[in-house]
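One structure is given below, encoded as structure tokens.
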Amino acid sequence: MALIPRLDIAALDALELDPSTKGLPCDAPRLTVGAVGRQGWSLLDGDLPLPVAVIREKALAANSAWMSAFTAQNDVVIAPHGKTTMSPHLFDLQIADGAWAITAATLQQVGVCQRFGVRRVLLANQPVGTQAIDACFRALQGDDAIELYCLADNPDGVAMLAEGARRNPPPEGNPLRILVEMGFIGGRTGVRTRAGALELARAIAAAPGLELAGFECFEGMLPTAETADGLIDDVAAMALAAMQEGLFRSDAPVVISAGGSAFFDRVVERFDSVGFPRPVQRVLRSGCYLTHDVIAYAAAFERIVRETALKLPEGGLEPALEVWAMVQSRPEGGRTMLTMGKRDVSHDAGLPVPLRWYRPDGSMTAPAEIAAGHSVVALNDQHCHMITPLDSPLRTGDLVGFGISHPCTTFDKWSLLYLVDEDYRVTRGLKTFF
């Protein structure tokens, strides 16, 4: 299966930004997305309103290159989850580094992918309802047609998809490709038994307009690598059983896929342990590797480095996404308030972590590492509560840069983020589509 072409970045860069866009300077002229990087703005020079979300360009490129090297040397491909960033600029970087597809979670996200030229999309959900199902089949048609994969985990869902194919017959050679989703007791969607999965695969294989393309799972909700192994093994076992029964009608490689953000080492190792009688396409769907973080995925990556038997590329993943805020007040001893809150930064998988600070009065040439004893203890909608040592150098007007946990729920708070160089000069605006 060929890699997908680069995206229509010219169309993206031509979009005009609303002057009221969060993150734009108050006195910014009317400008396009592509013009943002030509404004000469600098975070440290006070050109950007705070809070603001930035991505360090050097770390971003290194993370993308690292995952490209990892997948190449381990005979897997990646279909990074677009829901993490919903930024076509970043999709394009991932595609340039070899992404096999872009994963989406909703039909709106599929539409964004299709709008800017993604030609292979994996919808990691089971579409239900006439509107969603018809949208899937429309995406297979016309000059901008995509190769679309989606999930199924129950007979009623497959019947709905089959009825959708009858209403909207897909073009010859471009059926709706279905992956049977394996699940686990207490988890989200997904078939709970191997017998049920095989029955579902038979129903998909028999339905005109649908094509059984493979099996997949999302193991990220499981607590340990050992518990994830069982679910990943289910995917491989069911793909093997379906091969042996002759359920795959196409000559294309059978897709076996897993989420792969926290346990991508286990996905590769478990898939590699099975001998398949025909070609398979091993697909990871991690999205968070691109910007990484300082808590949840940092801990997951540390486990991978510590435990995996796989050979890893040189270097490693590093946090690239930061949210910067300004010290607003030090109203009492040991407590500092900053201009950042739940509307600006993720907090579902850990509170933000102060990393560095800067005083914009000319006395500092670069941000300094923040000392121990500074920690965020609470967020309100627009305020950050940070415990600080009594001798902390911070004062009103200083800038503080925070690392985050769980990139997905920081990205979705910003329709515009900034790519910055190592001196925090803006090199590009990154438009998101949440």
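By order in the structure tokens, chains are A, B, ...; within a chain, residues start at 1; ligands start at 1, following the order shown.
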- request: Would you mind writing down, as an NGL selection string, each residue of region 36-230 of chain A that DSSP on the backbone assigns to strand (DSSP E)?
  value: :A and (52-56 or 77-78 or 102-104 or 120-123 or 147-152 or 176-182 or 210-217)
Best match for closeness to Gln73 (chain A) among A:Ile370, A:Val377, A:Leu7, A:Leu312, counting only C-alpha atoms: A:Leu312
- request: Pick out the residues sitting within 10 Å of Asp272 (chain A), and hand them over as a VMD selection string; count only C-alpha atoms, and ignore anything fewer than 4 positions along from it in its own chain.
  value: chain A and resid 74 to 76 236 266 to 268 276 282
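Shortest separation to Leu240 (chain A) among A:Pro367, A:Gly275, A:Pro223, A:Gly209 occurs at residue A:Gly275, atoms counted being only C-alpha atoms.
Among the candidates A:Asp92, A:Glu211, A:Asp134, A:Ala59, the one nearest to Tyr289 (chain A) when counting only C-alpha atoms is A:Ala59.
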task: With a distance cut-off of 8 Å and only C-alpha atoms, select the neighbouring residues of Pro127 (chain A), excluding the residue or stretch itself and same-chain residues fewer than 6 positions from it, and output the selection as a PyMOL selection string.
output: chain A and resi 133+150-151+157+161
task: For CA of Thr21 (chain A) and CA of Gln109 (chain A), quote the distance in Å rounded to one decimal.
output: 20.6 Å
Which residues are near Thr410 (chain A)? Cut-off 8 Å, only C-alpha atoms, ignore same chain within fewer than 5 positions. Put them as a short mmCIF file (atom, residue, chain, number, x, y, z; two decimals) with C-alpha atoms, in the first residue's frame.
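Result file follows (out.cif):
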data_model
loop_
_atom_site.label_atom_id
_atom_site.label_comp_id
_atom_site.auth_asym_id
_atom_site.auth_seq_id
_atom_site.Cartn_x
_atom_site.Cartn_y
_atom_site.Cartn_z
CA ASP A 344 -5.72 27.22 28.11
CA VAL A 345 -3.93 24.07 29.25
CA SER A 346 -4.62 20.37 29.83
CA ILE A 404 1.95 19.81 29.86
#
Would you mind listing, for every residue of region 199-301 of chain A within 12 Å of region 170-176 of chain A, the two atoms forming the shortest contact and the distance between them in Å to one decimal, using only C-alpha atoms, sorted by chain and ascending residue number, as CSV?
residue,atom,partner,partner_atom,distance
A:Ile204,CA,A:Leu176,CA,10.4
A:Ala205,CA,A:Leu176,CA,11.5
A:Ala207,CA,A:Leu176,CA,10.7
A:Pro208,CA,A:Pro175,CA,8.8
A:Gly209,CA,A:Pro175,CA,5.4
A:Leu210,CA,A:Leu176,CA,5.1
A:Glu211,CA,A:Leu176,CA,6.2
A:Leu212,CA,A:Leu176,CA,8.8
A:Ala213,CA,A:Leu176,CA,9.2
A:Arg249,CA,A:Pro175,CA,11.7
A:Ser250,CA,A:Gly173,CA,9.9
A:Asp251,CA,A:Gly173,CA,11.9
A:Ala252,CA,A:Gly173,CA,11.6
Do a neighbour search on region 32-49 of chain A at 8 Å with only C-alpha atoms, toss out local chain neighbours closer than 5 positions, and write the hits as a PDB file with N, CA and C atoms, in the first residue's frame.
ATOM      1  N   LEU A  12      -4.219  25.915   2.870  1.00  0.00           N
ATOM      2  CA  LEU A  12      -4.275  26.153   4.305  1.00  0.00           C
ATOM      3  C   LEU A  12      -3.674  27.509   4.660  1.00  0.00           C
ATOM      4  N   ASP A  13      -2.514  27.805   4.076  1.00  0.00           N
ATOM      5  CA  ASP A  13      -1.848  29.076   4.379  1.00  0.00           C
ATOM      6  C   ASP A  13      -2.629  30.278   3.876  1.00  0.00           C
ATOM      7  N   ALA A  14      -3.491  30.072   2.882  1.00  0.00           N
ATOM      8  CA  ALA A  14      -4.262  31.183   2.326  1.00  0.00           C
ATOM      9  C   ALA A  14      -5.467  31.560   3.183  1.00  0.00           C
ATOM     10  N   LEU A  15      -5.807  30.753   4.177  1.00  0.00           N
ATOM     11  CA  LEU A  15      -6.974  31.053   5.014  1.00  0.00           C
ATOM     12  C   LEU A  15      -6.724  32.322   5.822  1.00  0.00           C
ATOM     13  N   GLU A  16      -7.740  33.194   5.883  1.00  0.00           N
ATOM     14  CA  GLU A  16      -7.640  34.406   6.693  1.00  0.00           C
ATOM     15  C   GLU A  16      -7.987  34.102   8.139  1.00  0.00           C
ATOM     16  N   LEU A  17      -7.234  34.697   9.045  1.00  0.00           N
ATOM     17  CA  LEU A  17      -7.501  34.549  10.467  1.00  0.00           C
ATOM     18  C   LEU A  17      -8.456  35.631  10.929  1.00  0.00           C
ATOM     19  N   GLY A  23      -4.910  34.093  20.874  1.00  0.00           N
ATOM     20  CA  GLY A  23      -3.486  33.942  20.630  1.00  0.00           C
ATOM     21  C   GLY A  23      -2.898  34.985  19.710  1.00  0.00           C
ATOM     22  N   LEU A  24      -3.728  35.655  18.908  1.00  0.00           N
ATOM     23  CA  LEU A  24      -3.218  36.727  18.053  1.00  0.00           C
ATOM     24  C   LEU A  24      -2.991  37.983  18.889  1.00  0.00           C
ATOM     25  N   PRO A  25      -1.936  38.747  18.598  1.00  0.00           N
ATOM     26  CA  PRO A  25      -1.747  40.024  19.291  1.00  0.00           C
ATOM     27  C   PRO A  25      -2.941  40.940  19.100  1.00  0.00           C
ATOM     28  N   CYS A  26      -3.227  41.748  20.104  1.00  0.00           N
ATOM     29  CA  CYS A  26      -4.400  42.625  20.058  1.00  0.00           C
ATOM     30  C   CYS A  26      -4.338  43.609  18.897  1.00  0.00           C
ATOM     31  N   TYR A 358      11.255  33.934  32.525  1.00  0.00           N
ATOM     32  CA  TYR A 358      11.971  35.000  31.808  1.00  0.00           C
ATOM     33  C   TYR A 358      11.418  36.346  32.251  1.00  0.00           C
ATOM     34  N   PRO A 360      11.096  40.107  31.033  1.00  0.00           N
ATOM     35  CA  PRO A 360      11.214  40.849  29.773  1.00  0.00           C
ATOM     36  C   PRO A 360      11.632  42.309  29.944  1.00  0.00           C
ATOM     37  N   ASP A 423      15.012  30.379  20.209  1.00  0.00           N
ATOM     38  CA  ASP A 423      14.971  31.683  20.875  1.00  0.00           C
ATOM     39  C   ASP A 423      13.546  32.198  21.026  1.00  0.00           C
ATOM     40  N   TYR A 424      12.588  31.323  20.771  1.00  0.00           N
ATOM     41  CA  TYR A 424      11.158  31.634  20.901  1.00  0.00           C
ATOM     42  C   TYR A 424      10.701  32.710  19.921  1.00  0.00           C
ATOM     43  N   ARG A 425      11.345  32.762  18.750  1.00  0.00           N
ATOM     44  CA  ARG A 425      10.865  33.597  17.659  1.00  0.00           C
ATOM     45  C   ARG A 425       9.890  32.778  16.823  1.00  0.00           C
ATOM     46  N   VAL A 426       8.786  33.380  16.439  1.00  0.00           N
ATOM     47  CA  VAL A 426       7.733  32.675  15.706  1.00  0.00           C
ATOM     48  C   VAL A 426       8.187  32.405  14.284  1.00  0.00           C
ATOM     49  N   THR A 427       8.109  31.137  13.873  1.00  0.00           N
ATOM     50  CA  THR A 427       8.466  30.763  12.503  1.00  0.00           C
ATOM     51  C   THR A 427       7.250  30.374  11.672  1.00  0.00           C
ATOM     52  N   ARG A 428       6.131  30.040  12.312  1.00  0.00           N
ATOM     53  CA  ARG A 428       4.921  29.660  11.570  1.00  0.00           C
ATOM     54  C   ARG A 428       3.736  29.670  12.511  1.00  0.00           C
ATOM     55  N   GLY A 429       2.563  30.002  11.968  1.00  0.00           N
ATOM     56  CA  GLY A 429       1.318  29.813  12.681  1.00  0.00           C
ATOM     57  C   GLY A 429       0.765  28.436  12.351  1.00  0.00           C
ATOM     58  N   LEU A 430       0.212  27.761  13.340  1.00  0.00           N
ATOM     59  CA  LEU A 430      -0.375  26.425  13.162  1.00  0.00           C
ATOM     60  C   LEU A 430      -1.868  26.506  13.437  1.00  0.00           C
ATOM     61  N   LYS A 431      -2.676  26.419  12.390  1.00  0.00           N
ATOM     62  CA  LYS A 431      -4.133  26.485  12.516  1.00  0.00           C
ATOM     63  C   LYS A 431      -4.676  25.105  12.875  1.00  0.00           C
TER      64      LYS A 431
END
